[in-house]
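Shown here: protein_16.json, JSON, C-alpha atoms.
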[["chain", "number", "residue", "atom", "x", "y", "z"],
["B", 27, "MET", "CA", 59.62, -91.65, -176.05],
["B", 28, "THR", "CA", 59.94, -95.38, -175.42],
["B", 29, "ARG", "CA", 56.58, -97.10, -174.95],
["B", 30, "ILE", "CA", 56.34, -100.03, -172.53],
["B", 31, "VAL", "CA", 53.35, -102.23, -171.68],
["B", 32, "VAL", "CA", 53.56, -104.26, -168.48],
["B", 33, "VAL", "CA", 51.25, -107.22, -167.86],
["B", 34, "GLY", "CA", 51.49, -108.28, -164.25],
["B", 35, "SER", "CA", 50.73, -108.17, -160.57],
["B", 36, "ILE", "CA", 49.96, -105.30, -158.23],
["B", 37, "ASN", "CA", 50.52, -105.86, -154.49],
["B", 38, "MET", "CA", 50.77, -104.03, -151.24],
["B", 39, "ASP", "CA", 54.06, -105.08, -149.67],
["B", 40, "LEU", "CA", 53.96, -105.60, -145.89],
["B", 41, "VAL", "CA", 57.63, -105.17, -145.00],
["B", 42, "THR", "CA", 59.28, -106.12, -141.72],
["B", 43, "GLN", "CA", 62.92, -105.27, -141.14],
["B", 44, "ALA", "CA", 64.55, -107.71, -138.71],
["B", 45, "PRO", "CA", 68.02, -108.49, -137.37],
["B", 46, "ARG", "CA", 67.82, -111.97, -138.90],
["B", 47, "PHE", "CA", 65.34, -114.42, -140.38],
["B", 48, "VAL", "CA", 63.28, -116.48, -137.94],
["B", 49, "GLY", "CA", 63.22, -120.26, -137.73],
["B", 50, "PRO", "CA", 60.10, -122.49, -137.52],
["B", 51, "GLY", "CA", 58.07, -121.75, -134.38],
["B", 52, "GLU", "CA", 60.37, -118.89, -133.39],
["B", 53, "THR", "CA", 59.43, -115.33, -132.44],
["B", 54, "ILE", "CA", 61.89, -112.42, -132.48],
["B", 55, "LEU", "CA", 61.54, -108.66, -132.22],
["B", 56, "GLY", "CA", 61.53, -106.77, -135.50],
["B", 57, "GLU", "CA", 63.17, -103.41, -136.06],
["B", 58, "ARG", "CA", 60.71, -101.68, -138.39],
["B", 59, "PHE", "CA", 57.42, -102.27, -140.22],
["B", 60, "LEU", "CA", 55.96, -100.43, -143.19],
["B", 61, "THR", "CA", 53.49, -100.88, -146.02],
["B", 62, "VAL", "CA", 54.80, -100.02, -149.48],
["B", 63, "PRO", "CA", 53.39, -100.53, -152.99],
["B", 64, "GLY", "CA", 54.76, -103.57, -154.79],
["B", 65, "GLY", "CA", 53.96, -106.51, -157.04],
["B", 66, "LYS", "CA", 56.27, -107.45, -159.89],
["B", 67, "GLY", "CA", 54.04, -105.87, -162.52],
["B", 68, "ALA", "CA", 53.59, -102.60, -160.64],
["B", 69, "ASN", "CA", 57.28, -102.50, -159.71],
["B", 70, "GLN", "CA", 58.37, -102.90, -163.30],
["B", 71, "ALA", "CA", 55.87, -100.30, -164.46],
["B", 72, "VAL", "CA", 57.11, -97.76, -161.90],
["B", 73, "ALA", "CA", 60.76, -98.46, -162.69],
["B", 74, "ALA", "CA", 60.17, -98.03, -166.43],
["B", 75, "ALA", "CA", 58.26, -94.79, -165.87],
["B", 76, "ARG", "CA", 61.04, -93.31, -163.73],
["B", 77, "LEU", "CA", 63.51, -94.15, -166.49],
["B", 78, "GLY", "CA", 61.53, -91.95, -168.85],
["B", 79, "ALA", "CA", 59.24, -94.41, -170.62],
["B", 80, "GLU", "CA", 55.55, -94.03, -171.42],
["B", 81, "VAL", "CA", 54.06, -96.95, -169.49],
["B", 82, "ALA", "CA", 50.71, -98.78, -169.46],
["B", 83, "LEU", "CA", 49.87, -101.51, -166.96],
["B", 84, "VAL", "CA", 47.50, -104.44, -167.51],
["B", 85, "GLY", "CA", 46.50, -105.81, -164.10],
["B", 86, "ALA", "CA", 43.90, -105.88, -161.31],
["B", 87, "THR", "CA", 43.31, -104.58, -157.80],
["B", 88, "GLY", "CA", 40.54, -105.11, -155.28],
["B", 89, "ASP", "CA", 38.05, -102.46, -154.24],
["B", 90, "ASP", "CA", 39.67, -102.11, -150.81],
["B", 91, "ALA", "CA", 41.90, -99.62, -149.01],
["B", 92, "PHE", "CA", 45.06, -101.22, -150.40],
["B", 93, "GLY", "CA", 43.62, -101.12, -153.92],
["B", 94, "GLN", "CA", 42.82, -97.43, -153.68],
["B", 95, "GLN", "CA", 46.30, -96.63, -152.38],
["B", 96, "LEU", "CA", 47.94, -98.74, -155.08],
["B", 97, "ARG", "CA", 46.00, -97.11, -157.92],
["B", 98, "GLN", "CA", 46.71, -93.63, -156.59],
["B", 99, "GLY", "CA", 50.41, -94.38, -156.38],
["B", 100, "LEU", "CA", 50.56, -95.75, -159.91],
["B", 101, "ALA", "CA", 48.62, -92.79, -161.28],
["B", 102, "ALA", "CA", 51.05, -90.44, -159.54],
["B", 103, "GLU", "CA", 53.85, -92.11, -161.56],
["B", 104, "ASN", "CA", 51.91, -91.25, -164.76],
["B", 105, "ILE", "CA", 51.19, -94.89, -165.53],
["B", 106, "ASP", "CA", 48.22, -95.57, -167.82],
["B", 107, "LEU", "CA", 45.70, -97.68, -165.84],
["B", 108, "THR", "CA", 43.06, -97.95, -168.58],
["B", 109, "HIS", "CA", 43.50, -101.73, -168.63],
["B", 110, "THR", "CA", 43.94, -102.20, -164.87],
["B", 111, "ILE", "CA", 40.59, -103.40, -163.57],
["B", 112, "GLN", "CA", 39.14, -102.89, -160.09],
["B", 113, "LEU", "CA", 37.31, -105.93, -158.69],
["B", 114, "ASP", "CA", 34.45, -105.31, -156.26],
["B", 115, "ASP", "CA", 34.38, -108.81, -154.79],
["B", 116, "CYS", "CA", 38.09, -109.44, -154.23],
["B", 117, "ALA", "CA", 40.98, -108.21, -152.09],
["B", 118, "SER", "CA", 44.09, -106.66, -153.55],
["B", 119, "GLY", "CA", 47.24, -108.75, -153.70],
["B", 120, "THR", "CA", 49.70, -108.66, -150.83],
["B", 121, "ALA", "CA", 53.31, -109.69, -150.24],
["B", 122, "SER", "CA", 54.64, -110.29, -146.74],
["B", 123, "ILE", "CA", 58.36, -109.46, -146.85],
["B", 124, "THR", "CA", 61.01, -109.94, -144.19],
["B", 125, "VAL", "CA", 64.28, -108.07, -144.77],
["B", 126, "ALA", "CA", 67.44, -109.08, -142.90],
["B", 127, "GLY", "CA", 71.08, -108.50, -143.75],
["B", 128, "GLY", "CA", 70.27, -107.02, -147.15],
["B", 129, "GLU", "CA", 68.40, -110.19, -148.24],
["B", 130, "ASN", "CA", 64.67, -110.89, -148.24],
["B", 131, "GLN", "CA", 62.08, -113.64, -147.82],
["B", 132, "ILE", "CA", 58.68, -113.14, -149.45],
["B", 133, "ILE", "CA", 55.21, -114.75, -149.26],
["B", 134, "VAL", "CA", 52.79, -113.55, -151.94],
["B", 135, "VAL", "CA", 48.97, -113.83, -151.76],
["B", 136, "PRO", "CA", 47.76, -113.18, -155.34],
["B", 137, "ALA", "CA", 44.08, -112.27, -154.61],
["B", 138, "ALA", "CA", 43.03, -109.90, -157.46],
["B", 139, "ASN", "CA", 46.15, -110.78, -159.44],
["B", 140, "ALA", "CA", 44.77, -114.29, -159.93],
["B", 141, "ARG", "CA", 41.98, -112.76, -162.00],
["B", 142, "VAL", "CA", 44.07, -110.96, -164.62],
["B", 143, "THR", "CA", 42.74, -112.58, -167.80],
["B", 144, "PRO", "CA", 43.80, -113.23, -171.39],
["B", 145, "ALA", "CA", 40.78, -111.11, -172.41],
["B", 146, "GLN", "CA", 42.38, -108.09, -170.71],
["B", 147, "VAL", "CA", 45.54, -108.65, -172.74],
["B", 148, "GLU", "CA", 43.55, -108.85, -175.98],
["B", 149, "GLN", "CA", 41.70, -105.67, -175.05],
["B", 150, "ALA", "CA", 45.06, -103.92, -174.72],
["B", 151, "GLN", "CA", 46.11, -104.94, -178.25],
["B", 152, "ALA", "CA", 46.13, -101.36, -179.55],
["B", 153, "LEU", "CA", 48.61, -100.36, -176.84],
["B", 154, "ILE", "CA", 50.74, -103.45, -177.36],
["B", 155, "THR", "CA", 50.85, -102.91, -181.13],
["B", 156, "ARG", "CA", 52.62, -99.57, -180.72],
["B", 157, "ALA", "CA", 54.80, -100.63, -177.77],
["B", 158, "ASP", "CA", 58.57, -100.89, -178.04],
["B", 159, "ALA", "CA", 58.53, -103.79, -175.57],
["B", 160, "VAL", "CA", 56.17, -105.77, -173.33],
["B", 161, "LEU", "CA", 57.07, -107.05, -169.87],
["B", 162, "VAL", "CA", 55.33, -110.03, -168.29],
["B", 163, "GLN", "CA", 56.04, -112.02, -165.10],
["B", 164, "MET", "CA", 54.46, -115.02, -163.38],
["B", 165, "GLU", "CA", 52.51, -113.64, -160.42],
["B", 166, "ILE", "CA", 49.42, -113.77, -162.66],
["B", 167, "PRO", "CA", 47.65, -116.81, -164.20],
["B", 168, "LEU", "CA", 49.81, -118.79, -166.61],
["B", 169, "GLU", "CA", 47.11, -118.63, -169.28],
["B", 170, "THR", "CA", 47.49, -114.85, -169.22],
["B", 171, "VAL", "CA", 51.28, -115.13, -169.47],
["B", 172, "GLU", "CA", 50.82, -117.37, -172.50],
["B", 173, "ALA", "CA", 48.32, -114.97, -174.07],
["B", 174, "THR", "CA", 50.80, -112.11, -173.68],
["B", 175, "LEU", "CA", 53.62, -114.09, -175.26],
["B", 176, "ARG", "CA", 51.47, -115.18, -178.19],
["B", 177, "LEU", "CA", 50.02, -111.74, -178.83],
["B", 178, "GLY", "CA", 53.40, -110.04, -178.72],
["B", 179, "HIS", "CA", 54.87, -112.66, -181.05],
["B", 180, "ARG", "CA", 51.95, -112.30, -183.45],
["B", 181, "LEU", "CA", 52.29, -108.51, -183.51],
["B", 182, "GLY", "CA", 56.09, -108.56, -183.79],
["B", 183, "VAL", "CA", 56.53, -106.72, -180.48],
["B", 184, "PRO", "CA", 59.39, -107.98, -178.26],
["B", 185, "VAL", "CA", 58.14, -109.62, -175.06],
["B", 186, "ILE", "CA", 60.49, -109.93, -172.09],
["B", 187, "LEU", "CA", 59.47, -112.86, -169.88],
["B", 188, "ASN", "CA", 60.63, -112.50, -166.30],
["B", 189, "PRO", "CA", 59.96, -116.07, -165.03],
["B", 190, "ALA", "CA", 59.35, -115.33, -161.37],
["B", 191, "PRO", "CA", 58.14, -117.06, -159.32],
["B", 192, "ALA", "CA", 59.59, -119.80, -161.49],
["B", 193, "GLN", "CA", 58.04, -123.04, -162.65],
["B", 194, "LYS", "CA", 58.68, -125.32, -165.59],
["B", 195, "LEU", "CA", 57.14, -123.91, -168.77],
["B", 196, "PRO", "CA", 56.55, -125.39, -172.23],
["B", 197, "ILE", "CA", 59.59, -124.90, -174.46],
["B", 198, "GLU", "CA", 57.33, -123.21, -177.01],
["B", 199, "TRP", "CA", 56.57, -120.40, -174.56],
["B", 200, "LEU", "CA", 60.27, -119.72, -174.04],
["B", 201, "GLN", "CA", 60.71, -119.57, -177.80],
["B", 202, "LEU", "CA", 57.91, -116.99, -178.11],
["B", 203, "ALA", "CA", 59.70, -114.59, -175.74],
["B", 204, "ARG", "CA", 62.24, -112.18, -177.20],
["B", 205, "TYR", "CA", 64.24, -112.52, -174.00],
["B", 206, "VAL", "CA", 63.83, -114.65, -170.88],
["B", 207, "THR", "CA", 65.34, -113.04, -167.76],
["B", 208, "PRO", "CA", 65.81, -115.60, -164.94],
["B", 209, "ASN", "CA", 68.39, -115.98, -162.23],
["B", 210, "GLN", "CA", 70.26, -119.31, -162.14],
["B", 211, "HIS", "CA", 67.73, -121.03, -159.88],
["B", 212, "GLU", "CA", 64.80, -119.88, -162.02],
["B", 213, "LEU", "CA", 66.48, -120.97, -165.26],
["B", 214, "ALA", "CA", 67.08, -124.46, -163.86],
["B", 215, "ILE", "CA", 63.40, -124.74, -162.90],
["B", 216, "LEU", "CA", 62.29, -123.50, -166.34],
["B", 217, "LEU", "CA", 64.38, -126.16, -168.05],
["B", 218, "GLY", "CA", 63.67, -128.94, -165.53],
["B", 219, "ALA", "CA", 67.41, -129.08, -164.81],
["B", 220, "ASP", "CA", 69.66, -129.47, -161.76],
["B", 221, "PRO", "CA", 69.93, -126.02, -160.07],
["B", 222, "ASP", "CA", 73.58, -126.79, -159.27],
["B", 223, "GLU", "CA", 74.44, -127.22, -162.95],
["B", 224, "ASP", "CA", 76.91, -124.65, -164.30],
["B", 225, "PHE", "CA", 74.92, -121.61, -165.35],
["B", 226, "HIS", "CA", 76.86, -121.27, -168.61],
["B", 227, "ALA", "CA", 75.65, -124.74, -169.58],
["B", 228, "LEU", "CA", 72.09, -123.87, -168.56],
["B", 229, "MET", "CA", 72.19, -120.77, -170.75],
["B", 230, "GLN", "CA", 73.41, -122.83, -173.69],
["B", 231, "ARG", "CA", 70.45, -125.16, -173.23],
["B", 232, "SER", "CA", 67.89, -122.37, -173.27],
["B", 233, "PRO", "CA", 65.74, -122.59, -176.43],
["B", 234, "GLY", "CA", 65.92, -118.83, -176.98],
["B", 235, "PRO", "CA", 67.86, -115.70, -175.99],
["B", 236, "VAL", "CA", 68.40, -115.42, -172.25],
["B", 237, "VAL", "CA", 69.61, -112.68, -169.91],
["B", 238, "LEU", "CA", 70.70, -114.24, -166.61],
["B", 239, "THR", "CA", 70.86, -112.03, -163.51],
["B", 240, "ARG", "CA", 73.62, -112.74, -160.98],
["B", 241, "GLY", "CA", 73.07, -110.20, -158.19],
["B", 242, "ALA", "CA", 76.16, -108.19, -157.30],
["B", 243, "GLU", "CA", 78.11, -110.04, -160.00],
["B", 244, "GLY", "CA", 75.97, -108.38, -162.67],
["B", 245, "ALA", "CA", 74.44, -110.35, -165.54],
["B", 246, "TRP", "CA", 75.25, -112.72, -168.35],
["B", 247, "TYR", "CA", 73.46, -112.62, -171.69],
["B", 248, "ARG", "CA", 73.31, -114.83, -174.72],
["B", 249, "GLU", "CA", 71.51, -114.56, -178.05],
["B", 250, "GLN", "CA", 73.72, -117.05, -179.81],
["B", 251, "GLY", "CA", 77.19, -118.40, -179.21],
["B", 252, "GLU", "CA", 78.90, -118.08, -175.83],
["B", 253, "PRO", "CA", 77.34, -116.12, -172.93],
["B", 254, "ILE", "CA", 78.72, -112.60, -172.40],
["B", 255, "HIS", "CA", 79.32, -111.09, -168.95],
["B", 256, "GLN", "CA", 78.28, -107.60, -167.81],
["B", 257, "HIS", "CA", 79.84, -106.70, -164.46],
["B", 258, "GLY", "CA", 77.86, -105.34, -161.54],
["B", 259, "PHE", "CA", 78.30, -101.96, -159.84],
["B", 260, "ASN", "CA", 79.69, -101.22, -156.38],
["B", 261, "VAL", "CA", 76.93, -99.94, -154.09],
["B", 262, "ALA", "CA", 75.89, -100.21, -150.45],
["B", 263, "VAL", "CA", 73.05, -102.72, -150.07],
["B", 264, "VAL", "CA", 70.08, -101.87, -147.86],
["B", 265, "ASP", "CA", 67.30, -103.99, -149.37],
["B", 266, "SER", "CA", 67.46, -106.13, -152.51],
["B", 267, "THR", "CA", 63.66, -106.26, -152.90],
["B", 268, "GLY", "CA", 62.74, -104.97, -156.36],
["B", 269, "ALA", "CA", 66.23, -105.13, -157.84],
["B", 270, "GLY", "CA", 65.19, -107.77, -160.37],
["B", 271, "ASP", "CA", 62.12, -105.76, -161.32],
["B", 272, "THR", "CA", 64.25, -102.66, -161.84],
["B", 273, "PHE", "CA", 66.64, -104.69, -163.99],
["B", 274, "ASN", "CA", 63.83, -105.97, -166.20],
["B", 275, "ALA", "CA", 62.26, -102.55, -166.60],
["B", 276, "ALA", "CA", 65.56, -100.97, -167.57],
["B", 277, "LEU", "CA", 66.28, -103.78, -170.02],
["B", 278, "ALA", "CA", 62.95, -103.08, -171.73],
["B", 279, "VAL", "CA", 63.40, -99.30, -171.75],
["B", 280, "PHE", "CA", 66.90, -99.38, -173.23],
["B", 281, "LEU", "CA", 66.49, -102.38, -175.55],
["B", 282, "ARG", "CA", 66.28, -100.14, -178.61],
["B", 283, "GLU", "CA", 69.92, -99.13, -177.96],
["B", 284, "GLY", "CA", 71.09, -102.72, -178.40],
["B", 285, "LEU", "CA", 71.26, -105.65, -176.01],
["B", 286, "SER", "CA", 74.75, -105.02, -174.61],
["B", 287, "ILE", "CA", 73.97, -101.38, -173.77],
["B", 288, "ALA", "CA", 70.58, -102.33, -172.34],
["B", 289, "VAL", "CA", 72.08, -104.99, -170.05],
["B", 290, "ARG", "CA", 74.76, -102.59, -168.81],
["B", 291, "LYS", "CA", 72.21, -99.89, -168.01],
["B", 292, "ALA", "CA", 69.93, -102.49, -166.42],
["B", 293, "CYS", "CA", 72.74, -103.61, -164.10],
["B", 294, "ALA", "CA", 73.36, -99.99, -163.10],
["B", 295, "ALA", "CA", 69.66, -99.35, -162.44],
["B", 296, "ALA", "CA", 69.36, -102.54, -160.38],
["B", 297, "ALA", "CA", 72.42, -101.60, -158.33],
["B", 298, "LEU", "CA", 70.94, -98.20, -157.49],
["B", 299, "SER", "CA", 67.64, -99.79, -156.47],
["B", 300, "VAL", "CA", 69.10, -101.69, -153.51],
["B", 301, "GLY", "CA", 70.11, -98.53, -151.67],
["B", 302, "LYS", "CA", 66.75, -97.93, -149.95],
["B", 303, "LEU", "CA", 64.19, -100.00, -148.05],
["B", 304, "GLY", "CA", 61.19, -101.09, -150.15],
["B", 305, "ALA", "CA", 60.86, -102.21, -153.75],
["B", 306, "GLN", "CA", 59.74, -98.97, -155.38],
["B", 307, "ALA", "CA", 61.43, -96.49, -153.01],
["B", 308, "GLY", "CA", 64.89, -97.05, -154.45],
["B", 309, "MET", "CA", 63.98, -97.27, -158.13],
["B", 310, "PRO", "CA", 66.20, -94.73, -159.88],
["B", 311, "THR", "CA", 65.61, -92.01, -162.43],
["B", 312, "LEU", "CA", 67.36, -91.89, -165.79],
["B", 313, "HIS", "CA", 69.61, -89.11, -164.46],
["B", 314, "GLU", "CA", 70.71, -91.28, -161.53],
["B", 315, "VAL", "CA", 71.53, -94.20, -163.83],
["B", 316, "GLU", "CA", 73.56, -91.97, -166.14],
["B", 317, "ALA", "CA", 75.44, -90.56, -163.14],
["B", 318, "LEU", "CA", 76.40, -94.02, -161.87],
["B", 319, "LEU", "CA", 77.54, -95.08, -165.33],
["B", 320, "ALA", "CA", 79.74, -91.98, -165.47],
["B", 321, "GLN", "CA", 81.19, -92.73, -162.01],
["B", 322, "GLN", "CA", 81.85, -96.42, -162.74],
["B", 323, "PRO", "CA", 82.57, -96.72, -166.47],
["B", 324, "GLY", "CA", 83.64, -99.89, -168.21]]
Mind converting the file's structure to structure tokens?
Amino acid sequence: MTRIVVVGSINMDLVTQAPRFVGPGETILGERFLTVPGGKGANQAVAAARLGAEVALVGATGDDAFGQQLRQGLAAENIDLTHTIQLDDCASGTASITVAGGENQIIVVPAANARVTPAQVEQAQALITRADAVLVQMEIPLETVEATLRLGHRLGVPVILNPAPAQKLPIEWLQLARYVTPNQHELAILLGADPDEDFHALMQRSPGPVVLTRGAEGAWYREQGEPIHQHGFNVAVVDSTGAGDTFNAALAVFLREGLSIAVRKACAAAALSVGKLGAQAGMPTLHEVEALLAQQPG
């Protein structure tokens, strides 16, 4: 069984479905409201577990009602929470999400996620040593992201850096990652480049291997030489929240099969994930991914 360690955030998503996005100072009537588990770390952990991996999560929640719900949900997905701490003096992270027309706008309040430490990563070294891949994102302190990259590099375990929310990072950090998985906007920010620059050129400028997500278009990937395109899959879009997290999880789970296969399966998993409202609700099983690949080969 593939072993994945995720270092990242755990949030309760407060989701409002609306006919359109509001403007400054404007009030409109929403269509639906719900609370659903989220956070990029938790999302990626759940997605990897549903794809058949053995998953451990390094993170933090508060000792509040949201925290209890979040931990229960993760445990129900058979995710190892040994290195997910519960803080008595802090709230759990939240994300306020508005969904309209299949797109989303998100405001994240880190709370407990801001206290995920490099020490926690070091304490999880035994798990990371035997992992097939490590996933880390940027809704936790940057010092903890760096610690994860350095530890994985030192141990020879591939680390996939999902640079979201994006900010410019030291080139050395990008070189420590086995793969960096931005969209075009995020890659431009990472490199301190013009976001309107051709994405092929941006990929060529990346100091290490990069897998660039392009929504419905699929993904482009490059280890060396020219970027290679993997097409997307035709699906009905309900909510794109969590699609990137599903992509990253699938990439990690299937990486042992080779990069091209992993990217193709990641595109299929991400496509399936947009069919339901909420980040984790639409995350597919391995069987569902295999069925879509059979229906839309190539």
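Relative to atom CA of Ala82 of chain B, atom CA of Thr110 of chain B is found at 8.9 Å.
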Residues of segment 66-106 of chain B that have any atom at most 10 Å from an atom of segment 154-163 of chain B: could you tabulate them with the shortest-distance atom pair and the distance in Å to one decimal, using all atoms listed in the file, ordered by chain and increasing number, as JSON lines?
{"residue": "B:Lys66", "atom": "CA", "partner": "B:Gln163", "partner_atom": "CA", "distance": 6.9}
{"residue": "B:Gly67", "atom": "CA", "partner": "B:Gln163", "partner_atom": "CA", "distance": 7.0}
{"residue": "B:Gln70", "atom": "CA", "partner": "B:Leu161", "partner_atom": "CA", "distance": 7.9}
{"residue": "B:Ala71", "atom": "CA", "partner": "B:Leu161", "partner_atom": "CA", "distance": 8.7}
{"residue": "B:Ala79", "atom": "CA", "partner": "B:Asp158", "partner_atom": "CA", "distance": 9.9}
{"residue": "B:Glu80", "atom": "CA", "partner": "B:Ala157", "partner_atom": "CA", "distance": 9.2}
{"residue": "B:Val81", "atom": "CA", "partner": "B:Ala157", "partner_atom": "CA", "distance": 9.1}
{"residue": "B:Ala82", "atom": "CA", "partner": "B:Ile154", "partner_atom": "CA", "distance": 9.2}
{"residue": "B:Leu83", "atom": "CA", "partner": "B:Leu161", "partner_atom": "CA", "distance": 9.5}
{"residue": "B:Val84", "atom": "CA", "partner": "B:Val162", "partner_atom": "CA", "distance": 9.7}
Residue subset to file, keeping C-alpha atoms, as an mmCIF file, in the frame of the given file:
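Saved file out15.cif follows:
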data_model
loop_
_atom_site.group_PDB
_atom_site.id
_atom_site.type_symbol
_atom_site.label_atom_id
_atom_site.label_comp_id
_atom_site.auth_asym_id
_atom_site.auth_seq_id
_atom_site.Cartn_x
_atom_site.Cartn_y
_atom_site.Cartn_z
ATOM 1 C CA LYS B 66 56.270 -107.450 -159.890
ATOM 2 C CA GLY B 67 54.040 -105.870 -162.520
ATOM 3 C CA GLN B 70 58.370 -102.900 -163.300
ATOM 4 C CA ALA B 71 55.870 -100.300 -164.460
ATOM 5 C CA ALA B 79 59.240 -94.410 -170.620
ATOM 6 C CA GLU B 80 55.550 -94.030 -171.420
ATOM 7 C CA VAL B 81 54.060 -96.950 -169.490
ATOM 8 C CA ALA B 82 50.710 -98.780 -169.460
ATOM 9 C CA LEU B 83 49.870 -101.510 -166.960
ATOM 10 C CA VAL B 84 47.500 -104.440 -167.510
#
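With only C-alpha atoms as the atoms that count, the residue of B:Ser299, B:Thr272, B:Gln149, B:Gln112 with the shortest distance to Ala73 of chain B is B:Thr272.
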Which residues are near Met229 of chain B? Cut-off 9 Å, only C-alpha atoms, ignore same chain within fewer than 4 positions. Put them as a PyMOL selection string. chain B and resi 210+213+224-225+233+235-238+246-248+252-253
Got a sec: who's within 12 Å of Gln95 of chain B, counting all atoms listed in the file, leaving out chain neighbours fewer than 2 positions off, as a ChimeraX atom specification? /B:36-39,61-64,87-93,97-102,118
Can you measure atom CA of Val289 of chain B to atom CA of Leu187 of chain B for me? One decimal in Å is fine. 14.9 Å
Within 6 Å of file point (60.6, -103.4, -146.4), counting all atoms listed in the file, expressed as a ChimeraX atom specification: /B:41-42,303-304
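Of note, atom CA of Gln201 of chain B and atom CA of Gly65 of chain B are spaced 25.4 Å apart.
Comparing B:Gln250, B:Thr239, B:Thr170, B:Gln306 by their smallest distance to Asp265 of chain B, the closest is B:Gln306 (using all atoms listed in the file).
The residue set within 8 Å of Asn139 of chain B, counting all atoms listed in the file and dropping same-chain residues fewer than 2 places from it, reads Gly34, Ser35, Ile36, Gly85, Ala86, Thr87, Ser118, Gly119, Pro136, Ala137, Arg141, Val142, Glu165, Ile166 and Pro167 of chain B.
Excluding Phe273 of chain B and any residue on its chain fewer than 5 positions from it, the residues at most 8 Å away by all atoms listed in the file are B:Ala292, B:Cys293, B:Ala295, B:Ala296.
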So which residues touch Arg76 of chain B within 8 Å, counting only C-alpha atoms, skipping near sequence neighbours fewer than 3 positions away, as a ChimeraX atom specification? /B:72-73,79,103,309-312
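Considering the residues B:Ala75, B:Val33, B:Leu277, B:Ala126 and counting only C-alpha atoms, Ala173 of chain B has its shortest atom-to-atom contact with B:Val33.
Using all atoms listed in the file, the shortest contact distance between Val31 of chain B and any of B:Ala275, B:Ala219, B:Ile111, B:Ala262 is found at B:Ala275.
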Counting only C-alpha atoms, figure out which residue out of B:Ala203, B:Val185, B:Ala138, B:Ala190 gets nearest to Cys116 of chain B. B:Ala138
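Across B:Ala305, B:Asp114, B:Arg290, B:Asn274, the tightest approach to Leu40 of chain B is made by B:Ala305 when counting only C-alpha atoms.
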